[in-house]
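I have placed the structure first, in the form of structure tokens, so that the comments after it can refer back to it.
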Amino acid sequence: MTYSFDDYSSFTDEELISRLRSGEEHIMEYLLEKYKKLVLSKAKSMFILGGDTQDLVQEGMIGLFKAIRDFDEKKDASFMTFTD
């Protein structure tokens with residue numbers, strides 16, 4: 001089955017994470033793509049001596065993956081707040 005990112009635009013991040021945990025694994029790709037620009041903007045605003053922007057982007061994407069994995073909808077925070 002082919003999925004379009006437009007299929008998910010009407011859902012909240014919290015709903016998507018719930019669906020991801022219910023077995024819709026392709027949603028992970030959507031969420032990573034959705035927040036990639038945020039990761040890029042944060043990476044560009046940081047500087048690590050001897051580091052590379054691409055290294056920061058990679059670390060940011062790993063952090064985003066972990067945030068999606070670890071988000072707890074029972075806590076009193078939105079996913080966007082949790083990722084920041």
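Lettering and numbering for the structure tokens are positional, with chains as A, B, ... in the shown order, residues counted from 1 in each chain, and ligands counted from 1 in the shown order.
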Counting only C-alpha atoms, what is within 12 Å of Arg21 (chain A), bar same-chain residues fewer than 6 positions away, as a CSV table (one decimal) with N, CA and C atoms, in the first residue's frame?
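Listing of result34.csv after writing:
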chain,number,residue,atom,x,y,z
A,14,GLU,N,0.1,14.0,18.2
A,14,GLU,CA,-0.3,13.0,19.3
A,14,GLU,C,-1.1,11.9,18.7
A,15,GLU,N,-2.0,12.2,17.8
A,15,GLU,CA,-2.8,11.1,17.2
A,15,GLU,C,-2.0,10.2,16.3
A,27,ILE,N,4.3,5.9,9.6
A,27,ILE,CA,4.1,7.3,10.2
A,27,ILE,C,5.4,7.8,10.7
A,28,MET,N,6.3,7.0,11.1
A,28,MET,CA,7.6,7.5,11.6
A,28,MET,C,8.3,8.3,10.5
A,68,ILE,N,10.0,11.0,19.4
A,68,ILE,CA,8.8,10.3,18.9
A,68,ILE,C,8.6,9.0,19.7
A,69,ARG,N,9.7,8.3,19.8
A,69,ARG,CA,9.6,7.0,20.6
A,69,ARG,C,9.2,7.2,22.0
A,70,ASP,N,9.8,8.2,22.7
A,70,ASP,CA,9.6,8.4,24.1
A,70,ASP,C,8.4,9.3,24.5
A,71,PHE,N,7.8,9.9,23.6
A,71,PHE,CA,6.7,10.8,23.9
A,71,PHE,C,5.6,10.1,24.7
A,72,ASP,N,5.2,10.7,25.8
A,72,ASP,CA,4.1,10.2,26.7
A,72,ASP,C,2.9,11.1,26.6
A,73,GLU,N,1.9,10.7,26.0
A,73,GLU,CA,0.7,11.5,25.8
A,73,GLU,C,0.0,11.7,27.1
> Pick from A:Ser4, A:Ser10, A:Gln58, A:Ser78: nearest to Lys36 (chain A), with only C-alpha atoms counted?
Replying inline: A:Gln58
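Counting from CA of Arg19 (chain A), the distance to CA of Val57 (chain A) is 26.3 Å.
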> If you count only C-alpha atoms, which residues fall within 10 Å of Gln54 (chain A), apart from same-chain ones fewer than 3 positions away, as a ChimeraX atom specification?
Replying inline: /A:40,43-44,51,57-60
>> According to DSSP computed on the backbone, where in region 1-79 of chain A is there alpha helix (DSSP H)? Give the residues as a ChimeraX atom specification.
In response: /A:13-21,27-34,36-44,53-70,79
>> List as a PyMOL selection string the protein and nucleic acid residues near Ala67 (chain A), meaning an atom at most 9 Å away when only C-alpha atoms are counted, but skip any in the same chain fewer than 4 places from it.
In response: chain A and resi 62-63+71+79+82-83
Selection from above, N, CA and C atoms, as a PDB file, in the first residue's frame, can you write it?
ATOM      1  N   ILE A  62      18.406  12.051  15.236  1.00  0.00           N
ATOM      2  CA  ILE A  62      18.387  10.972  16.233  1.00  0.00           C
ATOM      3  C   ILE A  62      17.578  11.409  17.448  1.00  0.00           C
ATOM      4  N   GLY A  63      17.779  12.656  17.879  1.00  0.00           N
ATOM      5  CA  GLY A  63      17.003  13.189  19.001  1.00  0.00           C
ATOM      6  C   GLY A  63      15.517  13.231  18.693  1.00  0.00           C
ATOM      7  N   PHE A  71       7.757   9.935  23.582  1.00  0.00           N
ATOM      8  CA  PHE A  71       6.673  10.850  23.935  1.00  0.00           C
ATOM      9  C   PHE A  71       5.601  10.118  24.731  1.00  0.00           C
ATOM     10  N   PHE A  79       3.322  17.258  21.838  1.00  0.00           N
ATOM     11  CA  PHE A  79       4.528  16.701  21.253  1.00  0.00           C
ATOM     12  C   PHE A  79       5.510  17.809  20.895  1.00  0.00           C
ATOM     13  N   PHE A  82       7.291  18.889  23.887  1.00  0.00           N
ATOM     14  CA  PHE A  82       8.175  17.815  24.314  1.00  0.00           C
ATOM     15  C   PHE A  82       9.466  17.803  23.497  1.00  0.00           C
ATOM     16  N   THR A  83       9.376  18.096  22.208  1.00  0.00           N
ATOM     17  CA  THR A  83      10.560  18.048  21.341  1.00  0.00           C
ATOM     18  C   THR A  83      11.479  19.235  21.552  1.00  0.00           C
TER      19      THR A  83
END
> Do you have the CA of Tyr35 (chain A)-CA of Leu64 (chain A) distance handy?
Replying inline: 7.9 Å
> Interatomic distance between CA of Leu38 (chain A) and CA of Met61 (chain A)?
Replying inline: 9.8 Å
